[in-house]
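File shown: entry.csv (CSV, C-alpha atoms and all ligand atoms).
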chain,number,residue,atom,x,y,z
A,1,MET,CA,35.1,-65.4,0.5
A,2,ASP,CA,33.2,-65.0,3.8
A,3,PHE,CA,29.4,-65.5,3.6
A,4,GLN,CA,28.8,-64.1,7.1
A,5,GLU,CA,27.1,-60.9,6.0
A,6,LEU,CA,25.0,-62.7,3.3
A,7,ASP,CA,24.0,-65.4,5.8
A,8,GLY,CA,23.0,-62.7,8.3
A,9,ALA,CA,20.8,-61.0,5.6
A,10,ILE,CA,19.2,-64.3,4.7
A,11,ALA,CA,18.4,-65.1,8.3
A,12,THR,CA,16.7,-61.7,8.6
A,13,ILE,CA,14.6,-62.4,5.5
A,14,GLU,CA,13.8,-65.9,6.7
A,15,VAL,CA,12.3,-64.5,9.9
A,16,PHE,CA,10.5,-61.8,8.0
A,17,VAL,CA,8.8,-64.2,5.6
A,18,ARG,CA,8.0,-66.7,8.3
A,19,ASP,CA,6.1,-64.1,10.3
A,20,PHE,CA,4.8,-62.2,7.3
A,21,GLU,CA,1.0,-61.5,7.6
A,22,PRO,CA,-0.1,-60.3,4.2
A,23,GLY,CA,-3.7,-59.9,5.6
A,24,LEU,CA,-2.4,-56.9,7.6
A,25,LEU,CA,-1.3,-55.0,4.5
A,26,ASP,CA,-3.4,-52.3,2.9
A,27,ALA,CA,-3.5,-52.1,-0.9
A,28,ARG,CA,-0.5,-49.8,-1.0
A,29,GLY,CA,1.4,-51.9,1.4
A,30,ALA,CA,0.8,-55.0,-0.6
A,31,VAL,CA,2.2,-53.3,-3.7
A,32,ARG,CA,5.3,-52.2,-1.8
A,33,ALA,CA,5.8,-55.7,-0.4
A,34,VAL,CA,5.7,-57.2,-3.9
A,35,GLU,CA,8.2,-54.6,-5.1
A,36,ARG,CA,10.6,-55.6,-2.4
A,37,PHE,CA,10.3,-59.3,-2.8
A,38,ALA,CA,10.7,-58.9,-6.6
A,39,LYS,CA,13.9,-57.1,-6.1
A,40,LEU,CA,15.0,-59.8,-3.7
A,41,THR,CA,14.2,-62.4,-6.4
A,42,HIS,CA,16.2,-60.5,-9.0
A,43,LEU,CA,19.2,-60.2,-6.7
A,44,GLY,CA,19.0,-63.9,-5.9
A,45,GLU,CA,18.8,-64.7,-9.7
A,46,ALA,CA,21.8,-62.5,-10.4
A,47,GLY,CA,23.9,-64.1,-7.6
A,48,THR,CA,22.9,-67.6,-8.7
A,49,ALA,CA,23.8,-66.9,-12.3
A,50,LEU,CA,27.2,-65.4,-11.4
A,51,ALA,CA,28.1,-68.2,-8.9
A,52,ALA,CA,26.9,-70.9,-11.3
A,53,GLN,CA,29.2,-69.6,-13.9
A,54,ARG,CA,32.1,-70.1,-11.5
A,55,VAL,CA,30.8,-73.6,-10.7
A,56,ASP,CA,31.1,-74.2,-14.5
A,57,LYS,CA,34.6,-72.7,-14.7
A,58,THR,CA,35.9,-74.7,-11.7
A,59,HIS,CA,34.2,-77.9,-12.8
A,60,ALA,CA,32.8,-78.2,-9.3
A,61,TYR,CA,29.6,-79.8,-10.8
A,62,ARG,CA,31.6,-82.9,-11.8
A,63,GLU,CA,31.8,-84.0,-8.1
A,64,SER,CA,28.1,-84.8,-8.1
A,65,GLY,CA,28.2,-86.7,-11.3
A,66,ALA,CA,26.3,-84.1,-13.3
A,67,ARG,CA,27.0,-84.0,-17.0
A,68,CYS,CA,27.4,-80.2,-17.2
A,69,ALA,CA,26.9,-77.1,-15.1
A,70,ALA,CA,23.4,-76.5,-16.3
A,71,ASP,CA,22.4,-80.1,-15.4
A,72,TRP,CA,23.9,-79.6,-12.0
A,73,LEU,CA,22.1,-76.2,-11.5
A,74,ALA,CA,18.8,-77.7,-12.5
A,75,ARG,CA,19.0,-80.3,-9.8
A,76,LYS,CA,20.5,-77.8,-7.2
A,77,THR,CA,17.8,-75.2,-7.7
A,78,GLY,CA,14.9,-77.5,-8.6
A,79,VAL,CA,14.2,-75.9,-12.0
A,80,ALA,CA,13.7,-77.5,-15.4
A,81,SER,CA,16.9,-78.1,-17.3
A,82,ALA,CA,15.9,-75.7,-20.1
A,83,SER,CA,15.7,-72.9,-17.5
A,84,ALA,CA,19.1,-73.8,-16.1
A,85,PHE,CA,20.6,-73.7,-19.5
A,86,ARG,CA,19.1,-70.3,-20.0
A,87,VAL,CA,20.7,-69.1,-16.7
A,88,MET,CA,24.1,-70.4,-17.8
A,89,GLU,CA,23.7,-68.6,-21.2
A,90,THR,CA,22.8,-65.3,-19.4
A,91,ALA,CA,25.8,-65.7,-17.1
A,92,ASP,CA,28.2,-66.3,-20.0
A,93,ALA,CA,27.0,-63.2,-21.8
A,94,LEU,CA,27.2,-60.8,-18.8
A,95,GLY,CA,31.0,-60.3,-19.1
A,96,GLU,CA,30.5,-58.6,-22.5
A,97,LEU,CA,27.5,-56.5,-21.5
A,98,PRO,CA,28.3,-54.0,-18.8
A,99,ALA,CA,24.9,-52.2,-18.7
A,100,THR,CA,23.0,-55.5,-18.4
A,101,ASN,CA,25.5,-56.8,-15.9
A,102,ALA,CA,25.1,-53.7,-13.7
A,103,ALA,CA,21.3,-53.6,-13.9
A,104,PHE,CA,21.1,-57.3,-13.2
A,105,ARG,CA,23.4,-57.1,-10.2
A,106,ALA,CA,21.4,-54.1,-8.9
A,107,GLY,CA,18.2,-56.2,-8.8
A,108,LYS,CA,16.6,-54.1,-11.6
A,109,LEU,CA,16.3,-56.9,-14.1
A,110,SER,CA,14.9,-60.4,-13.8
A,111,GLU,CA,16.9,-63.3,-15.2
A,112,ALA,CA,14.4,-63.7,-18.0
A,113,GLN,CA,14.8,-60.0,-18.9
A,114,ALA,CA,18.6,-60.2,-18.7
A,115,HIS,CA,18.6,-63.3,-20.9
A,116,GLU,CA,16.4,-61.6,-23.5
A,117,ILE,CA,18.5,-58.5,-23.6
A,118,ALA,CA,21.8,-60.5,-23.6
A,119,GLY,CA,20.7,-62.4,-26.7
A,120,ALA,CA,19.8,-59.3,-28.7
A,121,ALA,CA,22.7,-57.1,-27.3
A,122,ARG,CA,25.3,-59.7,-28.3
A,123,LYS,CA,24.1,-59.3,-31.9
A,124,ASP,CA,24.1,-55.5,-31.7
A,125,PRO,CA,26.0,-54.2,-28.6
A,126,THR,CA,25.0,-50.6,-29.5
A,127,ALA,CA,21.4,-51.4,-28.5
A,128,GLU,CA,22.2,-52.7,-25.1
A,129,ALA,CA,21.7,-49.5,-23.0
A,130,GLU,CA,18.3,-48.8,-24.7
A,131,LEU,CA,17.1,-52.4,-24.1
A,132,VAL,CA,18.0,-52.2,-20.4
A,133,ALA,CA,16.2,-48.9,-20.2
A,134,VAL,CA,13.1,-50.4,-21.9
A,135,ALA,CA,13.0,-53.3,-19.5
A,136,GLN,CA,13.3,-51.1,-16.4
A,137,ARG,CA,10.5,-48.9,-17.7
A,138,GLY,CA,8.1,-51.7,-16.7
A,139,THR,CA,7.6,-52.9,-20.3
A,140,THR,CA,5.9,-56.3,-20.4
A,141,MET,CA,8.0,-59.4,-21.3
A,142,LYS,CA,6.2,-59.5,-24.6
A,143,GLY,CA,7.0,-55.8,-25.3
A,144,LEU,CA,10.7,-56.5,-24.4
A,145,LYS,CA,10.8,-59.5,-26.7
A,146,ASP,CA,9.3,-57.5,-29.5
A,147,ARG,CA,12.0,-54.9,-29.1
A,148,CYS,CA,14.7,-57.5,-28.9
A,149,ARG,CA,13.4,-59.2,-32.1
A,150,ARG,CA,13.7,-55.8,-33.8
A,151,VAL,CA,17.3,-55.4,-32.6
A,152,ARG,CA,18.2,-58.9,-33.8
A,153,ALA,CA,16.6,-58.2,-37.2
A,154,GLY,CA,18.5,-55.0,-37.6
A,155,ALA,CA,21.7,-56.8,-36.9
A,156,GLU,CA,21.2,-59.3,-39.8
A,157,VAL,CA,23.7,-58.3,-42.4
A,158,ASP,CA,22.8,-60.8,-45.1
A,159,ASP,CA,19.1,-60.7,-45.8
A,160,ALA,CA,19.1,-63.7,-48.1
A,161,ALA,CA,21.1,-65.8,-45.6
A,162,TRP,CA,18.6,-64.9,-42.9
A,163,ALA,CA,15.7,-66.0,-45.1
A,164,GLN,CA,17.5,-69.2,-45.9
A,165,ARG,CA,18.2,-69.9,-42.3
A,166,LEU,CA,14.5,-69.4,-41.4
A,167,HIS,CA,13.6,-71.8,-44.2
A,168,ASP,CA,16.2,-74.4,-43.3
A,169,THR,CA,15.2,-74.6,-39.6
A,170,ARG,CA,11.5,-75.3,-40.3
A,171,SER,CA,10.1,-78.3,-38.5
A,172,LEU,CA,7.0,-80.0,-37.3
A,173,ARG,CA,7.0,-82.6,-34.5
A,174,THR,CA,4.1,-84.5,-33.1
A,175,TRP,CA,4.0,-86.7,-30.0
A,176,VAL,CA,1.6,-88.4,-27.6
A,177,ASP,CA,1.2,-87.2,-24.1
A,178,PRO,CA,1.1,-89.6,-21.1
A,179,ASP,CA,-2.7,-89.3,-21.1
A,180,THR,CA,-2.9,-90.1,-24.8
A,181,ALA,CA,-3.6,-86.5,-25.9
A,182,ALA,CA,-2.1,-85.8,-29.4
A,183,CYS,CA,0.4,-82.9,-29.2
A,184,GLY,CA,2.5,-81.0,-31.7
A,185,MET,CA,4.9,-78.2,-32.2
A,186,TRP,CA,6.0,-76.4,-35.4
A,187,ARG,CA,8.4,-73.8,-36.6
A,188,LEU,CA,7.9,-72.0,-39.9
A,189,SER,CA,9.4,-69.1,-41.7
A,190,PRO,CA,7.4,-65.9,-40.8
A,191,ASP,CA,5.8,-65.5,-44.3
A,192,LYS,CA,4.4,-69.0,-44.2
A,193,GLY,CA,3.7,-68.8,-40.4
A,194,ALA,CA,1.6,-65.7,-40.9
A,195,GLU,CA,-0.5,-67.4,-43.5
A,196,VAL,CA,-1.1,-70.3,-41.1
A,197,ASN,CA,-1.9,-67.9,-38.3
A,198,ALA,CA,-4.3,-66.0,-40.4
A,199,ALA,CA,-6.2,-69.1,-41.4
A,200,LEU,CA,-6.2,-70.4,-37.8
A,201,ASP,CA,-7.4,-67.0,-36.5
A,202,ALA,CA,-10.2,-66.8,-39.0
A,203,GLU,CA,-11.5,-70.3,-38.3
A,204,THR,CA,-11.1,-69.8,-34.5
A,205,ASP,CA,-13.2,-66.6,-34.7
A,206,LEU,CA,-15.9,-68.4,-36.5
A,207,LEU,CA,-16.0,-71.2,-34.0
A,208,PHE,CA,-15.8,-68.8,-31.1
A,209,ARG,CA,-18.7,-66.7,-32.3
A,210,ALA,CA,-20.8,-69.8,-33.1
A,211,ALA,CA,-20.1,-71.2,-29.6
A,212,ARG,CA,-21.0,-67.8,-28.0
A,213,ALA,CA,-24.2,-67.6,-30.0
A,214,ALA,CA,-25.0,-71.1,-28.7
A,215,GLY,CA,-24.4,-70.0,-25.1
A,216,THR,CA,-21.1,-71.8,-24.4
A,217,ARG,CA,-17.9,-70.2,-23.5
A,218,GLU,CA,-14.5,-72.0,-23.5
A,219,ALA,CA,-11.0,-70.7,-23.6
A,220,ARG,CA,-9.8,-69.3,-27.0
A,221,GLU,CA,-7.1,-72.0,-27.0
A,222,ALA,CA,-9.8,-74.7,-27.0
A,223,TYR,CA,-11.5,-73.2,-30.1
A,224,ALA,CA,-8.1,-72.7,-31.8
A,225,ALA,CA,-7.5,-76.5,-31.3
A,226,ASP,CA,-10.9,-77.2,-33.0
A,227,ALA,CA,-9.9,-74.8,-35.7
A,228,LEU,CA,-6.6,-76.7,-36.4
A,229,HIS,CA,-8.5,-79.9,-36.7
A,230,ALA,CA,-11.2,-78.4,-39.0
A,231,LEU,CA,-8.7,-76.8,-41.2
A,232,ILE,CA,-6.6,-79.9,-41.7
A,233,THR,CA,-9.5,-82.4,-42.2
A,234,ARG,CA,-11.9,-80.1,-44.1
A,235,GLY,CA,-10.0,-77.0,-45.3
A,236,PRO,CA,-10.7,-73.3,-44.8
A,237,ARG,CA,-14.2,-71.9,-45.0
A,238,LYS,CA,-13.0,-68.6,-46.4
A,239,ALA,CA,-9.8,-67.4,-48.1
A,240,THR,CA,-7.3,-65.7,-45.8
A,241,GLY,CA,-3.9,-64.3,-46.2
A,242,ALA,CA,-1.0,-62.8,-44.3
A,243,THR,CA,-0.5,-59.0,-43.9
A,244,LEU,CA,2.8,-57.5,-44.7
A,245,ILE,CA,3.7,-53.9,-43.8
A,246,ALA,CA,6.7,-52.6,-45.8
A,247,ASP,CA,8.0,-49.2,-46.8
A,248,ALA,CA,7.7,-48.4,-50.5
A,249,GLY,CA,10.7,-49.4,-52.6
A,250,ILE,CA,12.1,-51.8,-50.1
A,251,ALA,CA,11.7,-54.8,-52.5
A,252,GLU,CA,13.9,-53.1,-55.2
A,253,GLN,CA,16.4,-52.2,-52.5
A,254,GLY,CA,16.6,-55.8,-51.4
A,255,TYR,CA,17.1,-55.1,-47.7
A,256,ALA,CA,15.7,-52.9,-44.9
A,257,GLN,CA,17.7,-50.0,-43.6
A,258,ARG,CA,17.5,-48.9,-40.0
A,259,GLY,CA,14.1,-47.3,-39.4
A,260,GLN,CA,12.6,-48.9,-42.5
A,261,ARG,CA,9.7,-51.3,-42.1
A,262,CYS,CA,9.3,-54.7,-43.5
A,263,GLU,CA,7.3,-56.6,-41.0
A,264,ILE,CA,4.3,-58.8,-40.3
A,265,PRO,CA,2.0,-57.4,-37.7
A,266,GLY,CA,2.2,-59.4,-34.5
A,267,MET,CA,5.4,-61.1,-35.6
A,268,GLY,CA,7.9,-58.4,-36.3
A,269,PRO,CA,10.6,-57.7,-38.9
A,270,ILE,CA,11.1,-60.3,-41.6
A,271,PRO,CA,13.8,-60.7,-44.3
A,272,VAL,CA,13.1,-58.6,-47.5
A,273,THR,CA,13.9,-61.8,-49.4
A,274,LEU,CA,10.7,-63.4,-47.9
A,275,ALA,CA,8.7,-60.1,-48.3
A,276,LYS,CA,9.4,-60.2,-52.0
A,277,GLN,CA,8.0,-63.7,-52.3
A,278,MET,CA,4.9,-62.5,-50.5
A,279,LEU,CA,4.6,-59.4,-52.7
A,280,ALA,CA,4.7,-61.6,-55.9
A,281,THR,CA,1.2,-62.7,-55.3
A,282,ALA,CA,0.0,-60.0,-52.9
A,283,LYS,CA,-2.7,-57.4,-53.2
A,284,VAL,CA,-0.8,-54.2,-52.4
A,285,ARG,CA,-2.5,-51.2,-50.7
A,286,GLU,CA,-0.4,-48.0,-50.4
A,287,VAL,CA,-0.9,-46.3,-47.0
A,288,PRO,CA,1.1,-43.2,-46.1
A,289,ALA,CA,3.2,-43.5,-43.0
A,290,ASP,CA,2.8,-39.8,-42.2
A,291,PRO,CA,-0.8,-38.9,-41.1
A,292,ALA,CA,-0.3,-35.5,-42.7
A,293,GLN,CA,-0.4,-37.2,-46.1
A,294,LEU,CA,-3.7,-38.9,-45.5
A,295,PRO,CA,-6.7,-37.7,-47.6
A,296,ASP,CA,-9.0,-35.1,-45.9
A,297,TYR,CA,-11.7,-37.1,-44.2
A,298,ALA,CA,-14.1,-36.2,-41.4
A,299,THR,CA,-17.6,-37.4,-41.0
A,300,ASP,CA,-20.1,-37.7,-38.2
A,301,ARG,CA,-21.0,-41.2,-39.5
A,302,ARG,CA,-19.3,-44.3,-38.3
A,303,TYR,CA,-17.9,-45.2,-41.7
A,304,TYR,CA,-14.2,-46.2,-42.1
A,305,PRO,CA,-13.0,-46.2,-45.7
A,306,PRO,CA,-10.6,-49.1,-46.5
A,307,TRP,CA,-7.6,-46.8,-46.6
A,308,LEU,CA,-8.5,-45.5,-43.1
A,309,LEU,CA,-8.8,-49.1,-41.7
A,310,ALA,CA,-5.5,-50.0,-43.2
A,311,TRP,CA,-3.8,-46.9,-41.8
A,312,LEU,CA,-5.2,-47.6,-38.3
A,313,GLU,CA,-4.0,-51.2,-38.5
A,314,GLN,CA,-0.5,-50.2,-39.4
A,315,GLN,CA,-0.4,-47.3,-36.9
A,316,TYR,CA,-1.8,-49.4,-34.1
A,317,PRO,CA,-0.5,-53.0,-34.5
A,318,VAL,CA,-1.0,-53.3,-30.7
A,319,CYS,CA,-3.3,-51.5,-28.3
A,320,GLY,CA,-2.5,-47.8,-28.3
A,321,VAL,CA,-2.5,-47.6,-24.5
A,322,ALA,CA,1.1,-47.2,-23.2
A,323,GLY,CA,2.4,-50.4,-21.7
A,324,CYS,CA,-0.4,-52.6,-23.2
A,325,ASP,CA,0.8,-54.9,-25.9
A,326,ALA,CA,-2.5,-56.7,-26.6
A,327,ASP,CA,-2.6,-57.4,-30.4
A,328,PHE,CA,-5.9,-59.2,-30.3
A,329,HIS,CA,-9.4,-58.1,-31.2
A,330,LEU,CA,-8.4,-54.4,-31.2
A,331,GLU,CA,-11.3,-52.0,-31.4
A,332,ILE,CA,-11.4,-48.6,-33.1
A,333,ASP,CA,-12.2,-45.9,-30.5
A,334,HIS,CA,-13.3,-42.3,-31.1
A,335,VAL,CA,-11.0,-40.3,-28.7
A,336,VAL,CA,-13.8,-37.7,-28.3
A,337,ALA,CA,-16.9,-39.8,-28.3
A,338,LYS,CA,-19.3,-39.5,-31.2
A,339,ALA,CA,-22.0,-38.6,-28.6
A,340,ASP,CA,-19.8,-35.6,-27.6
A,341,GLY,CA,-19.4,-34.4,-31.1
A,342,GLY,CA,-16.3,-36.4,-32.0
A,343,LEU,CA,-15.9,-37.0,-35.7
A,344,THR,CA,-14.7,-40.1,-37.6
A,345,GLU,CA,-11.4,-38.6,-38.7
A,346,PRO,CA,-7.8,-39.9,-38.4
A,347,SER,CA,-6.8,-37.4,-35.7
A,348,ASN,CA,-9.7,-38.6,-33.5
A,349,LEU,CA,-9.2,-42.3,-33.9
A,350,TRP,CA,-7.0,-45.0,-32.4
A,351,ARG,CA,-7.1,-48.7,-31.8
A,352,ILE,CA,-7.2,-50.1,-28.3
A,353,CYS,CA,-7.9,-53.5,-26.8
A,354,TRP,CA,-11.3,-54.7,-25.6
A,355,TYR,CA,-10.2,-54.3,-21.9
A,356,HIS,CA,-9.0,-50.7,-22.2
A,357,HIS,CA,-12.0,-49.8,-24.4
A,358,ARG,CA,-14.2,-51.0,-21.6
A,359,LEU,CA,-12.3,-48.9,-19.0
A,360,LYS,CA,-12.7,-45.8,-21.1
A,361,THR,CA,-16.4,-46.4,-22.0
A,362,ASN,CA,-17.7,-47.8,-18.6
A,363,GLU,CA,-15.2,-46.7,-16.0
A,364,ASP,CA,-14.5,-43.1,-17.1
A,365,TRP,CA,-10.8,-43.6,-17.8
A,366,LEU,CA,-9.5,-40.5,-19.7
A,367,VAL,CA,-7.6,-40.1,-22.9
A,368,THR,CA,-4.6,-37.8,-22.7
A,369,GLY,CA,-2.0,-36.7,-25.2
A,370,THR,CA,-2.1,-35.5,-28.7
A,371,PRO,CA,-3.4,-37.0,-32.0
A,372,HIS,CA,-1.5,-40.2,-32.9
A,373,ASN,CA,0.1,-40.1,-29.5
A,374,TRP,CA,-2.7,-40.8,-27.1
A,375,ASP,CA,-2.7,-42.6,-23.8
A,376,LEU,CA,-5.3,-43.7,-21.3
A,377,VAL,CA,-5.2,-42.8,-17.6
A,378,PRO,CA,-7.4,-43.6,-14.6
A,379,PRO,CA,-10.1,-40.9,-13.8
A,380,SER,CA,-8.4,-39.9,-10.5
A,381,SER,CA,-5.0,-39.2,-12.1
A,382,GLY,CA,-6.6,-37.4,-15.0
A,383,PRO,CA,-5.3,-34.2,-16.5
A,384,ASP,CA,-8.1,-32.6,-18.6
A,385,PRO,CA,-9.3,-34.8,-21.4
A,386,PRO,CA,-8.5,-33.5,-24.9
A,401,ZN,ZN,-4.9,-52.4,-24.0
For this file, write the structure as structure tokens.
Ligand SMILES: [Zn+2]
Amino acid sequence: MDFQELDGAIATIEVFVRDFEPGLLDARGAVRAVERFAKLTHLGEAGTALAAQRVDKTHAYRESGARCAADWLARKTGVASASAFRVMETADALGELPATNAAFRAGKLSEAQAHEIAGAARKDPTAEAELVAVAQRGTTMKGLKDRCRRVRAGAEVDDAAWAQRLHDTRSLRTWVDPDTAACGMWRLSPDKGAEVNAALDAETDLLFRAARAAGTREAREAYAADALHALITRGPRKATGATLIADAGIAEQGYAQRGQRCEIPGMGPIPVTLAKQMLATAKVREVPADPAQLPDYATDRRYYPPWLLAWLEQQYPVCGVAGCDADFHLEIDHVVAKADGGLTEPSNLWRICWYHHRLKTNEDWLVTGTPHNWDLVPPSSGPDPP
């Protein structure tokens, strides 16, 4: 193969980047430049993955004394070996996945996206095209991972075996960093992990609010570390528990069918086998999935009955704004503000993140759409508010 054309293109890009003056770009130009360089990065990643696979097949890596192709690739490209292993995995999967292969080669997917899709699409090839479309729609990496987790869960044929695997692969490891910091990492089945997370979140919230009241402000991660220490040395200050959202009758059925829900908010679908264990000691609240089945409720007061809070929580596990996947400190918003006559009723409520709530309240961003299908748009692009 002759690299003349590719070398010519690289030489052109080299000159462009060398002489690139970002200070001369206006806002729109800066965005367009990033779009182009991102595409270039994606093309480079696709070419690297495809060529590295050939290095693997031809054993060319052995000449340098590398143990395997990933090891060789890590040194060659200056990335961590975990990243190089990921690239090799992606490259291996591409042969079976035509849509991912085509999008990756067209510079429309990053290697990280292609890897995420490949892992899920290998479990369920029928989901491949949809996952590629989701990634190209500008979904965040977290959003894509959530979707892929769903596809993988849907492809689990033996619910009990899935639950058992999650249990068997639990682990906790601690180590000491070079500067003597104590570090750790754990892996738990989702039912137990959700309980741990709920306790950690509650303690972190308490510490965060106490610190804020005292006028100090550190990263949430710092308070979460304090919370871990407090919980282990002193125990929880209040009882907490995990939340499970499951369709009625799923426990008797023993498994989840396509479209049925058996999931932990923020974590995704879990085996019904584990859900049954959670339900054995759980406080169950029935919430209709269809808003038409909710009780009639409309008031000008700001009172949310428990069923309404539960419904909003399951309806909006993440911020309701399209493309935002914040699942943290979500706030209930009246679509038509109370001051403008908006009522506290299901069709006028949604949950959005603190940041988007602020854009709506202080920067006049507009809500568009229909009840239970709202979105938020900048004031300039705004169709009429509802
Ligand atoms: Zn948001």
TODO: May I ask you to write as a PyMOL selection string all residues lying at most 12 Å from ligand ZN 401 (chain A), with all atoms listed in the file counted?
DONE: chain A and resi 316-333+350-360+375-377
Open item on the list: Can you tell me which residues surround A:Gln136 at a distance of at most 12 Å, considering all atoms listed in the file, apart from same-chain residues fewer than 4 positions away, and format the answer as a list in words?
Closed with: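 My list of contacting residues is Lys39, Ala99, Thr100, Ala103, Phe104, Ala106, Gly107, Lys108, Leu109, Ser110, Gln113, Ala114, Ile117, Ala129, Glu130, Leu131, Val132, Thr140, Met141, Gly143 and Leu144 of chain A.
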Task: 10 Å contact set for A:Lys283, all atoms listed in the file, chain neighbours under 4 positions out, as a PyMOL selection string - done: chain A and resi 241+243+278-279
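Around A:Leu50, within 12 Å and counting only C-alpha atoms, the residues found are Leu43, Gly44, Glu45, Ala46, Gly47, Thr48, Ala52, Gln53, Arg54, Val55, Asp56, Lys57, Leu73, Val87, Met88, Glu89, Thr90, Ala91, Asp92, Ala93, Leu94, Gly95, Asn101, Phe104, Arg105 and Glu111 of chain A, once anything fewer than 2 positions away on its own chain is removed.
Relative to atom CA of A:Gly266, atom CA of A:Asp296 is found at 29.1 Å.
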Task: Close residues, A:Glu263 itself excluded, 12 Å, only C-alpha atoms, min 3 positions apart in chain, as a ChimeraX atom specification - done: /A:146,149-150,153-154,190-191,194,242-247,250,255-256,259-260,266-276,278,314,317
Task: Neighbour list for A:Leu349 as a list in words, cut-off 9 Å, all atoms listed in the file, skip fewer than 3 positions in-chain - done: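 After dropping sequence-adjacent residues, the list is Leu312, Ile332, Asp333, His334, Val335, Val336, Leu343, Thr344, Glu345, Pro346, Pro371 and His372 of chain A.
Of the listed residues A:Asn362, A:Glu195, A:Asn348, A:Arg302, the one whose atoms come nearest to A:Thr240 is A:Glu195, with distances taken using only C-alpha atoms.
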- [ ] Figure out the distance between atom CA of A:Ala11 and atom CA of A:Gly23, please, to one decimal in Å.
- [x] 22.9 Å
Open item on the list: Report, in Å to a single decimal, how far apart atom CA of A:Arg173 and atom CA of A:Glu218 are.
Closed with: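 About the pair atom CA of A:Glu218 and atom CA of A:Arg173: they are 26.4 Å apart.
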